[in-house]
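Source file: final.pdb (PDB, C-alpha atoms)
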ATOM      1  CA  MET A   1       4.024 -28.708 -10.046
ATOM      2  CA  VAL A   2       6.383 -26.092  -8.746
ATOM      3  CA  ASP A   3       7.555 -26.377  -5.165
ATOM      4  CA  LYS A   4       5.886 -23.803  -2.849
ATOM      5  CA  SER A   5       9.123 -23.502  -0.940
ATOM      6  CA  ILE A   6      10.437 -21.171  -3.649
ATOM      7  CA  ILE A   7       8.347 -18.341  -2.091
ATOM      8  CA  GLY A   8      10.836 -15.926  -0.583
ATOM      9  CA  THR A   9      13.681 -16.981  -2.868
ATOM     10  CA  GLU A  10      15.857 -13.973  -3.638
ATOM     11  CA  MET A  11      16.386 -13.236  -7.333
ATOM     12  CA  GLY A  12      19.291 -11.305  -8.797
ATOM     13  CA  GLY A  13      19.395  -7.533  -8.323
ATOM     14  CA  SER A  14      20.368  -4.898 -10.849
ATOM     15  CA  SER A  15      20.808  -1.144 -11.149
ATOM     16  CA  MET A  16      19.637   1.502 -13.583
ATOM     17  CA  LEU A  17      20.448   5.149 -14.231
ATOM     18  CA  VAL A  18      17.225   7.006 -15.110
ATOM     19  CA  GLU A  19      18.051   8.653 -18.442
ATOM     20  CA  ARG A  20      16.064  11.407 -20.140
ATOM     21  CA  GLY A  21      16.533   9.991 -23.650
ATOM     22  CA  LYS A  22      15.322   6.544 -22.572
ATOM     23  CA  ILE A  23      12.242   8.083 -20.957
ATOM     24  CA  ARG A  24      11.450   9.961 -24.181
ATOM     25  CA  GLU A  25      11.973   6.844 -26.292
ATOM     26  CA  PHE A  26       9.746   4.806 -23.974
ATOM     27  CA  ALA A  27       7.001   7.475 -23.971
ATOM     28  CA  LYS A  28       7.007   7.496 -27.781
ATOM     29  CA  ALA A  29       6.770   3.699 -27.846
ATOM     30  CA  ILE A  30       3.586   3.763 -25.734
ATOM     31  CA  LEU A  31       2.195   6.511 -28.037
ATOM     32  CA  ASP A  32       2.253   9.133 -25.292
ATOM     33  CA  ASP A  33       2.402  12.622 -26.827
ATOM     34  CA  ASN A  34       2.347  14.508 -23.511
ATOM     35  CA  PRO A  35       4.704  17.499 -24.016
ATOM     36  CA  VAL A  36       6.157  16.858 -20.541
ATOM     37  CA  TYR A  37       8.344  14.179 -22.189
ATOM     38  CA  GLU A  38      10.006  16.848 -24.359
ATOM     39  CA  THR A  39      11.191  18.794 -21.303
ATOM     40  CA  GLU A  40      14.563  18.698 -19.496
ATOM     41  CA  ASP A  41      13.149  16.763 -16.578
ATOM     42  CA  PRO A  42      10.459  14.345 -17.751
ATOM     43  CA  PRO A  43       8.848  11.950 -15.262
ATOM     44  CA  PRO A  44       9.168   8.246 -16.058
ATOM     45  CA  PRO A  45       5.970   6.759 -17.549
ATOM     46  CA  PRO A  46       4.188   4.330 -15.162
ATOM     47  CA  THR A  47       5.624   1.192 -16.782
ATOM     48  CA  PHE A  48       9.063   2.686 -17.558
ATOM     49  CA  THR A  49      11.044   0.203 -15.481
ATOM     50  CA  MET A  50      10.111  -2.494 -18.042
ATOM     51  CA  ALA A  51      13.085  -0.985 -19.896
ATOM     52  CA  MET A  52      15.376  -2.828 -17.489
ATOM     53  CA  ALA A  53      13.279  -5.950 -16.990
ATOM     54  CA  HIS A  54      15.035  -7.750 -19.822
ATOM     55  CA  TRP A  55      18.574  -6.939 -18.844
ATOM     56  CA  PRO A  56      20.554 -10.059 -18.099
ATOM     57  CA  ALA A  57      21.119 -10.854 -14.439
ATOM     58  CA  PRO A  58      24.636  -9.955 -13.291
ATOM     59  CA  GLN A  59      27.151 -12.727 -13.771
ATOM     60  CA  GLY A  60      28.019 -14.629 -10.645
ATOM     61  CA  GLY A  61      25.132 -13.068  -8.695
ATOM     62  CA  GLN A  62      23.590 -14.774  -5.699
ATOM     63  CA  GLY A  63      20.083 -14.750  -7.116
ATOM     64  CA  ALA A  64      18.203 -17.608  -8.679
ATOM     65  CA  SER A  65      16.873 -17.420 -12.210
ATOM     66  CA  LEU A  66      13.416 -18.694 -13.150
ATOM     67  CA  SER A  67      14.796 -21.767 -14.877
ATOM     68  CA  LYS A  68      16.805 -22.651 -11.774
ATOM     69  CA  LEU A  69      13.529 -22.517  -9.801
ATOM     70  CA  GLY A  70      12.089 -25.370 -11.842
ATOM     71  CA  LEU A  71      10.026 -23.313 -14.294
ATOM     72  CA  ASP A  72       9.886 -24.309 -17.937
ATOM     73  CA  LEU A  73      10.315 -20.998 -19.738
ATOM     74  CA  LEU A  74       8.689 -22.347 -22.920
ATOM     75  CA  ARG A  75       5.439 -22.748 -20.987
ATOM     76  CA  VAL A  76       5.626 -19.433 -19.122
ATOM     77  CA  LEU A  77       3.535 -16.413 -20.172
ATOM     78  CA  HIS A  78       3.299 -12.919 -18.738
ATOM     79  CA  ALA A  79      -0.125 -12.870 -17.037
ATOM     80  CA  GLY A  80      -0.053  -9.512 -15.320
ATOM     81  CA  GLN A  81       1.950  -6.645 -13.914
ATOM     82  CA  GLU A  82       1.435  -4.402 -10.868
ATOM     83  CA  TYR A  83       3.083  -1.229  -9.604
ATOM     84  CA  GLU A  84       3.034   0.687  -6.352
ATOM     85  CA  TYR A  85       4.479   4.183  -6.681
ATOM     86  CA  LEU A  86       6.039   5.002  -3.307
ATOM     87  CA  GLY A  87       8.087   8.084  -4.192
ATOM     88  CA  GLU A  88       9.168  10.335  -7.030
ATOM     89  CA  ILE A  89      11.649   9.047  -9.622
ATOM     90  CA  LYS A  90      13.639  11.752 -11.421
ATOM     91  CA  VAL A  91      16.057  11.936 -14.333
ATOM     92  CA  GLY A  92      19.548  11.216 -13.033
ATOM     93  CA  ASP A  93      18.412   8.927 -10.211
ATOM     94  CA  LYS A  94      20.296   5.700  -9.809
ATOM     95  CA  LEU A  95      17.891   2.930  -8.906
ATOM     96  CA  SER A  96      18.955  -0.402  -7.554
ATOM     97  CA  THR A  97      16.674  -3.382  -7.345
ATOM     98  CA  ARG A  98      16.163  -6.431  -5.224
ATOM     99  CA  SER A  99      13.688  -9.117  -6.225
ATOM    100  CA  GLN A 100      12.142 -12.162  -4.694
ATOM    101  CA  ILE A 101       9.463 -14.704  -5.457
ATOM    102  CA  SER A 102       6.524 -13.368  -3.435
ATOM    103  CA  ASP A 103       3.673 -15.716  -4.286
ATOM    104  CA  LEU A 104       2.821 -19.010  -5.917
ATOM    105  CA  SER A 105      -0.644 -20.418  -6.568
ATOM    106  CA  GLU A 106      -2.313 -23.020  -8.738
ATOM    107  CA  LYS A 107      -5.594 -22.984 -10.608
ATOM    108  CA  GLU A 108      -7.352 -25.511 -12.826
ATOM    109  CA  GLY A 109      -7.260 -24.308 -16.433
ATOM    110  CA  LYS A 110     -10.461 -24.027 -18.500
ATOM    111  CA  ARG A 111      -9.130 -26.533 -20.997
ATOM    112  CA  GLY A 112      -7.787 -28.935 -18.408
ATOM    113  CA  GLY A 113      -4.417 -29.045 -16.783
ATOM    114  CA  THR A 114      -3.082 -26.954 -13.974
ATOM    115  CA  MET A 115      -1.910 -23.392 -14.306
ATOM    116  CA  THR A 116       0.761 -22.235 -11.901
ATOM    117  CA  PHE A 117       0.908 -18.493 -11.146
ATOM    118  CA  ILE A 118       4.264 -17.175  -9.963
ATOM    119  CA  THR A 119       4.657 -13.608  -8.657
ATOM    120  CA  SER A 120       8.041 -11.967  -8.419
ATOM    121  CA  GLU A 121       8.308  -8.689  -6.569
ATOM    122  CA  THR A 122      11.014  -6.110  -7.261
ATOM    123  CA  THR A 123      11.701  -3.134  -5.003
ATOM    124  CA  PHE A 124      13.466  -0.122  -6.546
ATOM    125  CA  THR A 125      15.599   1.981  -4.196
ATOM    126  CA  ASN A 126      17.138   5.317  -5.153
ATOM    127  CA  GLN A 127      20.646   6.658  -4.460
ATOM    128  CA  ARG A 128      19.449   8.088  -1.121
ATOM    129  CA  GLY A 129      18.250   4.703   0.078
ATOM    130  CA  GLU A 130      14.551   5.535  -0.384
ATOM    131  CA  ASP A 131      12.231   2.834  -1.740
ATOM    132  CA  VAL A 132      10.436   4.530  -4.639
ATOM    133  CA  LEU A 133       8.701   1.716  -6.510
ATOM    134  CA  ILE A 134       7.473  -1.839  -6.087
ATOM    135  CA  ALA A 135       6.837  -3.797  -9.278
ATOM    136  CA  ARG A 136       5.216  -7.225  -9.335
ATOM    137  CA  THR A 137       5.377  -9.508 -12.335
ATOM    138  CA  ILE A 138       2.829 -12.307 -12.486
ATOM    139  CA  LEU A 139       3.833 -15.211 -14.697
ATOM    140  CA  VAL A 140       1.714 -18.233 -15.533
ATOM    141  CA  GLN A 141       3.058 -21.652 -16.409
ATOM    142  CA  THR A 142       0.616 -23.883 -18.244
ATOM    143  CA  SER A 143       0.760 -27.604 -17.553
ATOM    144  CA  LYS A 144       1.512 -28.552 -21.168
ATOM    145  CA  ALA A 145       3.408 -26.780 -23.907
ATOM    146  CA  ALA A 146       1.052 -24.729 -26.113
ATOM    147  CA  SER A 147       0.058 -26.744 -29.164
TER     148      SER A 147
ATOM    149  CA  MET B   1       3.148  21.110 -18.388
ATOM    150  CA  ASP B   2       1.160  18.497 -16.577
ATOM    151  CA  ARG B   3      -2.119  17.809 -18.347
ATOM    152  CA  VAL B   4      -4.341  17.072 -15.369
ATOM    153  CA  ASN B   5      -7.855  17.460 -16.603
ATOM    154  CA  VAL B   6      -9.714  16.036 -13.657
ATOM    155  CA  HIS B   7     -10.140  17.111 -10.056
ATOM    156  CA  PHE B   8     -11.370  15.122  -7.076
ATOM    157  CA  GLU B   9     -14.682  17.026  -7.026
ATOM    158  CA  ASP B  10     -15.332  16.144 -10.682
ATOM    159  CA  LEU B  11     -15.646  12.410 -10.092
ATOM    160  CA  GLN B  12     -18.221  10.226  -8.366
ATOM    161  CA  GLU B  13     -18.168   6.518  -7.647
ATOM    162  CA  GLY B  14     -19.702   4.747 -10.616
ATOM    163  CA  ASP B  15     -18.653   7.377 -13.169
ATOM    164  CA  GLU B  16     -17.600   5.798 -16.444
ATOM    165  CA  ILE B  17     -15.304   7.280 -19.068
ATOM    166  CA  THR B  18     -16.072   5.823 -22.463
ATOM    167  CA  ASP B  19     -15.344   8.747 -24.799
ATOM    168  CA  TRP B  20     -11.545   8.610 -24.901
ATOM    169  CA  PRO B  21     -10.228   8.586 -28.495
ATOM    170  CA  THR B  22      -9.483   5.163 -29.961
ATOM    171  CA  VAL B  23      -5.989   4.089 -31.007
ATOM    172  CA  ASP B  24      -6.398   3.096 -34.655
ATOM    173  CA  ASN B  25      -4.466   0.889 -37.060
ATOM    174  CA  ILE B  26      -2.095  -0.866 -34.721
ATOM    175  CA  SER B  27       0.865  -2.038 -36.814
ATOM    176  CA  ARG B  28       3.972  -4.169 -36.589
ATOM    177  CA  THR B  29       5.929  -0.921 -36.365
ATOM    178  CA  HIS B  30       4.258  -0.203 -33.020
ATOM    179  CA  PHE B  31       5.443  -3.588 -31.707
ATOM    180  CA  VAL B  32       8.974  -3.138 -33.041
ATOM    181  CA  ARG B  33       9.267   0.327 -31.509
ATOM    182  CA  TYR B  34       8.072  -1.046 -28.179
ATOM    183  CA  ALA B  35      10.519  -3.954 -28.456
ATOM    184  CA  GLY B  36      13.348  -1.470 -28.903
ATOM    185  CA  ALA B  37      12.255   0.818 -26.085
ATOM    186  CA  SER B  38      11.641  -2.003 -23.611
ATOM    187  CA  GLY B  39      14.363  -4.417 -24.714
ATOM    188  CA  ASP B  40      11.773  -7.210 -25.044
ATOM    189  CA  PHE B  41      12.766  -8.930 -28.283
ATOM    190  CA  ASN B  42      10.597 -12.020 -27.919
ATOM    191  CA  PRO B  43      10.189 -12.988 -31.614
ATOM    192  CA  MET B  44       6.441 -13.618 -31.140
ATOM    193  CA  HIS B  45       6.098  -9.837 -31.356
ATOM    194  CA  HIS B  46       8.050  -9.206 -34.578
ATOM    195  CA  ASP B  47       8.674 -12.462 -36.495
ATOM    196  CA  ASP B  48       5.572 -13.811 -38.287
ATOM    197  CA  SER B  49       7.304 -17.061 -39.267
ATOM    198  CA  ILE B  50       7.820 -17.981 -35.609
ATOM    199  CA  ALA B  51       4.395 -16.756 -34.414
ATOM    200  CA  THR B  52       2.529 -18.722 -37.101
ATOM    201  CA  LYS B  53       4.624 -21.852 -36.479
ATOM    202  CA  VAL B  54       3.242 -22.085 -32.936
ATOM    203  CA  GLY B  55      -0.331 -21.459 -34.082
ATOM    204  CA  TYR B  56      -0.933 -17.723 -33.872
ATOM    205  CA  PRO B  57      -2.398 -16.014 -36.986
ATOM    206  CA  SER B  58       0.452 -13.471 -36.959
ATOM    207  CA  VAL B  59       2.717 -11.609 -34.591
ATOM    208  CA  PHE B  60       0.929  -9.928 -31.713
ATOM    209  CA  GLY B  61       1.785  -7.037 -29.417
ATOM    210  CA  HIS B  62       3.575  -7.223 -26.102
ATOM    211  CA  GLY B  63       1.062  -7.200 -23.254
ATOM    212  CA  MET B  64       3.150  -4.397 -21.774
ATOM    213  CA  PHE B  65       2.765  -2.363 -24.998
ATOM    214  CA  THR B  66      -1.007  -2.333 -24.490
ATOM    215  CA  ALA B  67      -0.493  -1.754 -20.754
ATOM    216  CA  GLY B  68       1.782   1.182 -21.624
ATOM    217  CA  VAL B  69      -0.761   2.727 -23.993
ATOM    218  CA  LEU B  70      -3.425   2.279 -21.292
ATOM    219  CA  SER B  71      -1.125   3.885 -18.704
ATOM    220  CA  HIS B  72      -0.798   7.066 -20.736
ATOM    221  CA  TYR B  73      -4.561   7.467 -20.964
ATOM    222  CA  VAL B  74      -4.561   7.142 -17.180
ATOM    223  CA  THR B  75      -1.765   9.705 -16.663
ATOM    224  CA  ASP B  76      -3.423  12.105 -19.144
ATOM    225  CA  TRP B  77      -6.530  11.771 -16.991
ATOM    226  CA  VAL B  78      -5.113  11.936 -13.440
ATOM    227  CA  GLY B  79      -1.729  13.623 -14.023
ATOM    228  CA  THR B  80       1.713  12.049 -14.382
ATOM    229  CA  GLY B  81       2.786  12.402 -10.758
ATOM    230  CA  ASN B  82      -0.522  11.393  -9.209
ATOM    231  CA  LEU B  83      -0.647   7.662  -9.845
ATOM    232  CA  ARG B  84      -0.216   5.614  -6.661
ATOM    233  CA  LYS B  85      -0.965   2.106  -7.954
ATOM    234  CA  TYR B  86      -1.391   0.605 -11.409
ATOM    235  CA  ALA B  87      -2.124  -3.049 -12.161
ATOM    236  CA  VAL B  88      -2.938  -4.950 -15.352
ATOM    237  CA  ARG B  89      -3.937  -8.460 -16.357
ATOM    238  CA  PHE B  90      -3.453  -9.747 -19.895
ATOM    239  CA  LYS B  91      -6.575 -11.336 -21.386
ATOM    240  CA  GLY B  92      -6.061 -11.489 -25.141
ATOM    241  CA  GLN B  93      -3.638 -10.846 -27.984
ATOM    242  CA  LEU B  94      -3.394  -7.570 -29.885
ATOM    243  CA  TYR B  95      -3.037  -8.226 -33.634
ATOM    244  CA  PRO B  96      -1.882  -5.775 -36.329
ATOM    245  CA  GLY B  97      -4.718  -3.830 -37.957
ATOM    246  CA  ARG B  98      -6.856  -3.677 -34.839
ATOM    247  CA  ASN B  99      -8.141  -0.512 -33.172
ATOM    248  CA  LEU B 100      -8.141  -0.071 -29.410
ATOM    249  CA  SER B 101     -10.824   1.427 -27.177
ATOM    250  CA  ILE B 102      -9.976   2.347 -23.615
ATOM    251  CA  LYS B 103     -12.482   2.713 -20.797
ATOM    252  CA  ALA B 104     -12.343   3.581 -17.120
ATOM    253  CA  LYS B 105     -14.827   3.387 -14.262
ATOM    254  CA  VAL B 106     -14.431   5.062 -10.880
ATOM    255  CA  THR B 107     -14.993   2.379  -8.253
ATOM    256  CA  ARG B 108     -14.091   4.231  -5.054
ATOM    257  CA  LYS B 109     -13.532   7.785  -3.865
ATOM    258  CA  TYR B 110     -11.886   8.281  -0.461
ATOM    259  CA  LYS B 111      -9.350  10.050   1.783
ATOM    260  CA  GLU B 112      -6.032   8.390   2.515
ATOM    261  CA  GLY B 113      -3.952  10.517   4.903
ATOM    262  CA  ASP B 114      -4.088  14.022   3.375
ATOM    263  CA  GLU B 115      -4.679  12.680  -0.124
ATOM    264  CA  ASN B 116      -7.955  12.656  -2.044
ATOM    265  CA  ARG B 117      -7.864   9.329  -3.794
ATOM    266  CA  ILE B 118      -9.855   7.447  -6.374
ATOM    267  CA  ASP B 119      -9.696   3.834  -7.480
ATOM    268  CA  ALA B 120     -10.698   3.010 -11.044
ATOM    269  CA  ASP B 121     -11.192  -0.131 -13.084
ATOM    270  CA  LEU B 122      -9.671  -0.067 -16.570
ATOM    271  CA  GLU B 123     -10.250  -2.018 -19.758
ATOM    272  CA  VAL B 124      -8.749  -2.173 -23.243
ATOM    273  CA  VAL B 125     -10.979  -3.734 -25.918
ATOM    274  CA  ASP B 126     -10.237  -4.190 -29.622
ATOM    275  CA  ASP B 127     -12.618  -3.515 -32.521
ATOM    276  CA  GLN B 128     -13.628  -7.198 -32.610
ATOM    277  CA  GLY B 129     -14.939  -6.860 -29.059
ATOM    278  CA  SER B 130     -12.128  -8.870 -27.473
ATOM    279  CA  VAL B 131     -10.951  -7.728 -24.065
ATOM    280  CA  LEU B 132      -7.166  -7.467 -24.273
ATOM    281  CA  VAL B 133      -6.219  -5.991 -20.926
ATOM    282  CA  THR B 134      -8.085  -5.340 -17.687
ATOM    283  CA  GLY B 135      -6.600  -3.240 -14.947
ATOM    284  CA  SER B 136      -6.981  -0.924 -12.029
ATOM    285  CA  ALA B 137      -5.469   2.352 -10.930
ATOM    286  CA  THR B 138      -5.298   4.339  -7.716
ATOM    287  CA  ALA B 139      -4.620   8.058  -7.999
ATOM    288  CA  ALA B 140      -4.302  11.028  -5.644
ATOM    289  CA  LEU B 141      -6.220  13.884  -7.254
ATOM    290  CA  PRO B 142      -5.859  17.631  -6.829
ATOM    291  CA  SER B 143      -8.759  19.453  -5.248
ATOM    292  CA  ARG B 144     -10.385  22.589  -6.615
ATOM    293  CA  GLY B 145     -10.623  23.926  -3.045
TER     294      GLY B 145
END
Can you turn what I pasted into structure tokens?
Amino acid sequence: MVDKSIIGTEMGGSSMLVERGKIREFAKAILDDNPVYETEDPPPPPTFTMAMAHWPAPQGGQGASLSKLGLDLLRVLHAGQEYEYLGEIKVGDKLSTRSQISDLSEKEGKRGGTMTFITSETTFTNQRGEDVLIARTILVQTSKAAS
Amino acid sequence: MDRVNVHFEDLQEGDEITDWPTVDNISRTHFVRYAGASGDFNPMHHDDSIATKVGYPSVFGHGMFTAGVLSHYVTDWVGTGNLRKYAVRFKGQLYPGRNLSIKAKVTRKYKEGDENRIDADLEVVDDQGSVLVTGSATAALPSRG
């Protein structure tokens, strides 16, 4: 059981320079052969910001990590991902992020035990202060370690 | 450059797209390339000895690899700048050797401000019939008018 009071907890923020080469590499990795990715100014693919999702949180940041919130990372799986595209993201933009835990719910699993769904929401803001993207990551923690 | 091949007038609620080409012969190389591009080096996606130790038959793909492949079918369909929302849920593992089929169904057609929008349900199924990813997309489509 994870405490509902973690809803609203701020997580660490980060920043990312939108690079043309990284966009091209990411497009290739999702098997996208659209010639737009060979141009000078390719748009980021819809899930491109996953490229920064695994960067370590900044040292000494104010934010809480998942393990500090009482989640057992060995029992946590990625259950879903959602995006809202609020504005254009272009090569050369510098995006900064702020994240928080936005939802927590529990459901009885099919094979017994309780599954806890945790949603973290990250807002991406560009160098002009415009919010351009909201990404939500839905994680599920099973009640027992997978056997 | 943009490969929009659909306009608002072309689609009706209930339309299904089932004739997109399949993605054949998924391999470990696909997973490794996605690991590199995304920075997700969870060993379950590239190290068979670890994946089999915890009970999986082999390594399996990142959910976000399949979600990424699905997203490019969507952007090929609606245009790269036209996506407004995209959401996926992970339902099953993608194993090497499988082929992927991708389907879409238009669930709603409407005006939002000055935009002509559609909502669609999405699904990725492998050649064993297992649903791997379900999803939805909202797009603002160009008009022929």
Pick out the chain A residues within 8 Å of chain B. Count only C-alpha atoms. Give them as a ChimeraX atom specification. /A:22,25-26,29-32,34-36,43,45-47,50-55,78-86,88,146-147
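As for atom CA of B:Asp121 and atom CA of B:Ala104, they are spaced 5.6 Å apart.
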One decimal, Å: what's the distance from atom CA of B:Gly79 over to atom CA of B:Gly61, could you say? 26.0 Å
Selection in question (the file shown): the PyMOL selection byres ((chain B and resi 5-22) around 8). Which residues does it include, as a PyMOL selection string? chain B and resi 3-4+23-24+76-79+99-109+116-118+141-144
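The space between atom CA of B:Thr52 and atom CA of A:Gly113 spans 23.8 Å.
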Report as JSON the centre and the edge lengths, in Å to one decimal, of the axis-aligned box holding every listed atom of stretch 31-40 of chain B, padded by 8 Å on each side.
{"center_x": 9.9, "center_y": -3.2, "center_z": -28.3, "size_x": 24.9, "size_y": 24.0, "size_z": 25.4}
Reference answer for the PyMOL selection byres ((chain A and resi 98-108) around 12), as a ChimeraX atom specification: /A:1-15,53,57,61-66,69,71,95-97,109-126,131,133-143
Please reconstruct the missing atoms of stretch 38-60 of chain B (target: N, CA and C atoms) and return them as a PDB file, keeping the file's coordinate frame.
ATOM      1  N   SER B  38      11.709  -1.192 -24.833  1.00  0.00           N
ATOM      2  CA  SER B  38      11.641  -2.003 -23.611  1.00  0.00           C
ATOM      3  C   SER B  38      12.741  -3.049 -23.540  1.00  0.00           C
ATOM      4  N   GLY B  39      13.363  -3.348 -24.682  1.00  0.00           N
ATOM      5  CA  GLY B  39      14.363  -4.417 -24.714  1.00  0.00           C
ATOM      6  C   GLY B  39      13.755  -5.807 -24.771  1.00  0.00           C
ATOM      7  N   ASP B  40      12.425  -5.897 -24.973  1.00  0.00           N
ATOM      8  CA  ASP B  40      11.773  -7.210 -25.044  1.00  0.00           C
ATOM      9  C   ASP B  40      11.705  -7.663 -26.498  1.00  0.00           C
ATOM     10  N   PHE B  41      12.678  -8.474 -26.889  1.00  0.00           N
ATOM     11  CA  PHE B  41      12.766  -8.930 -28.283  1.00  0.00           C
ATOM     12  C   PHE B  41      12.258 -10.358 -28.458  1.00  0.00           C
ATOM     13  N   ASN B  42      11.269 -10.739 -27.685  1.00  0.00           N
ATOM     14  CA  ASN B  42      10.597 -12.020 -27.919  1.00  0.00           C
ATOM     15  C   ASN B  42      10.096 -12.026 -29.373  1.00  0.00           C
ATOM     16  N   PRO B  43      10.530 -13.015 -30.182  1.00  0.00           N
ATOM     17  CA  PRO B  43      10.189 -12.988 -31.614  1.00  0.00           C
ATOM     18  C   PRO B  43       8.692 -13.101 -31.908  1.00  0.00           C
ATOM     19  N   MET B  44       7.893 -13.547 -30.929  1.00  0.00           N
ATOM     20  CA  MET B  44       6.441 -13.618 -31.140  1.00  0.00           C
ATOM     21  C   MET B  44       5.853 -12.252 -31.465  1.00  0.00           C
ATOM     22  N   HIS B  45       6.601 -11.196 -31.152  1.00  0.00           N
ATOM     23  CA  HIS B  45       6.098  -9.837 -31.356  1.00  0.00           C
ATOM     24  C   HIS B  45       6.625  -9.177 -32.630  1.00  0.00           C
ATOM     25  N   HIS B  46       7.561  -9.834 -33.345  1.00  0.00           N
ATOM     26  CA  HIS B  46       8.050  -9.206 -34.578  1.00  0.00           C
ATOM     27  C   HIS B  46       8.332 -10.184 -35.713  1.00  0.00           C
ATOM     28  N   ASP B  47       8.304 -11.496 -35.457  1.00  0.00           N
ATOM     29  CA  ASP B  47       8.674 -12.462 -36.495  1.00  0.00           C
ATOM     30  C   ASP B  47       7.471 -13.368 -36.812  1.00  0.00           C
ATOM     31  N   ASP B  48       6.779 -13.051 -37.927  1.00  0.00           N
ATOM     32  CA  ASP B  48       5.572 -13.811 -38.287  1.00  0.00           C
ATOM     33  C   ASP B  48       5.859 -15.298 -38.474  1.00  0.00           C
ATOM     34  N   SER B  49       7.046 -15.646 -38.989  1.00  0.00           N
ATOM     35  CA  SER B  49       7.304 -17.061 -39.267  1.00  0.00           C
ATOM     36  C   SER B  49       7.312 -17.861 -37.963  1.00  0.00           C
ATOM     37  N   ILE B  50       7.797 -17.273 -36.895  1.00  0.00           N
ATOM     38  CA  ILE B  50       7.820 -17.981 -35.609  1.00  0.00           C
ATOM     39  C   ILE B  50       6.434 -17.977 -34.971  1.00  0.00           C
ATOM     40  N   ALA B  51       5.731 -16.835 -35.030  1.00  0.00           N
ATOM     41  CA  ALA B  51       4.395 -16.756 -34.414  1.00  0.00           C
ATOM     42  C   ALA B  51       3.419 -17.725 -35.082  1.00  0.00           C
ATOM     43  N   THR B  52       3.471 -17.833 -36.413  1.00  0.00           N
ATOM     44  CA  THR B  52       2.529 -18.722 -37.101  1.00  0.00           C
ATOM     45  C   THR B  52       2.901 -20.185 -36.877  1.00  0.00           C
ATOM     46  N   LYS B  53       4.188 -20.469 -36.722  1.00  0.00           N
ATOM     47  CA  LYS B  53       4.624 -21.852 -36.479  1.00  0.00           C
ATOM     48  C   LYS B  53       4.014 -22.418 -35.197  1.00  0.00           C
ATOM     49  N   VAL B  54       3.831 -21.586 -34.183  1.00  0.00           N
ATOM     50  CA  VAL B  54       3.242 -22.085 -32.936  1.00  0.00           C
ATOM     51  C   VAL B  54       1.737 -21.831 -32.869  1.00  0.00           C
ATOM     52  N   GLY B  55       1.123 -21.452 -34.019  1.00  0.00           N
ATOM     53  CA  GLY B  55      -0.331 -21.459 -34.082  1.00  0.00           C
ATOM     54  C   GLY B  55      -1.033 -20.115 -33.991  1.00  0.00           C
ATOM     55  N   TYR B  56      -0.285 -19.038 -33.863  1.00  0.00           N
ATOM     56  CA  TYR B  56      -0.933 -17.723 -33.872  1.00  0.00           C
ATOM     57  C   TYR B  56      -1.131 -17.267 -35.316  1.00  0.00           C
ATOM     58  N   PRO B  57      -2.185 -16.476 -35.611  1.00  0.00           N
ATOM     59  CA  PRO B  57      -2.398 -16.014 -36.986  1.00  0.00           C
ATOM     60  C   PRO B  57      -1.307 -15.069 -37.486  1.00  0.00           C
ATOM     61  N   SER B  58      -0.632 -14.393 -36.594  1.00  0.00           N
ATOM     62  CA  SER B  58       0.452 -13.471 -36.959  1.00  0.00           C
ATOM     63  C   SER B  58       1.172 -13.083 -35.671  1.00  0.00           C
ATOM     64  N   VAL B  59       2.131 -12.184 -35.812  1.00  0.00           N
ATOM     65  CA  VAL B  59       2.717 -11.609 -34.591  1.00  0.00           C
ATOM     66  C   VAL B  59       1.620 -10.889 -33.812  1.00  0.00           C
ATOM     67  N   PHE B  60       1.864 -10.690 -32.539  1.00  0.00           N
ATOM     68  CA  PHE B  60       0.929  -9.928 -31.713  1.00  0.00           C
ATOM     69  C   PHE B  60       1.736  -9.042 -30.766  1.00  0.00           C
TER      70      PHE B  60
END
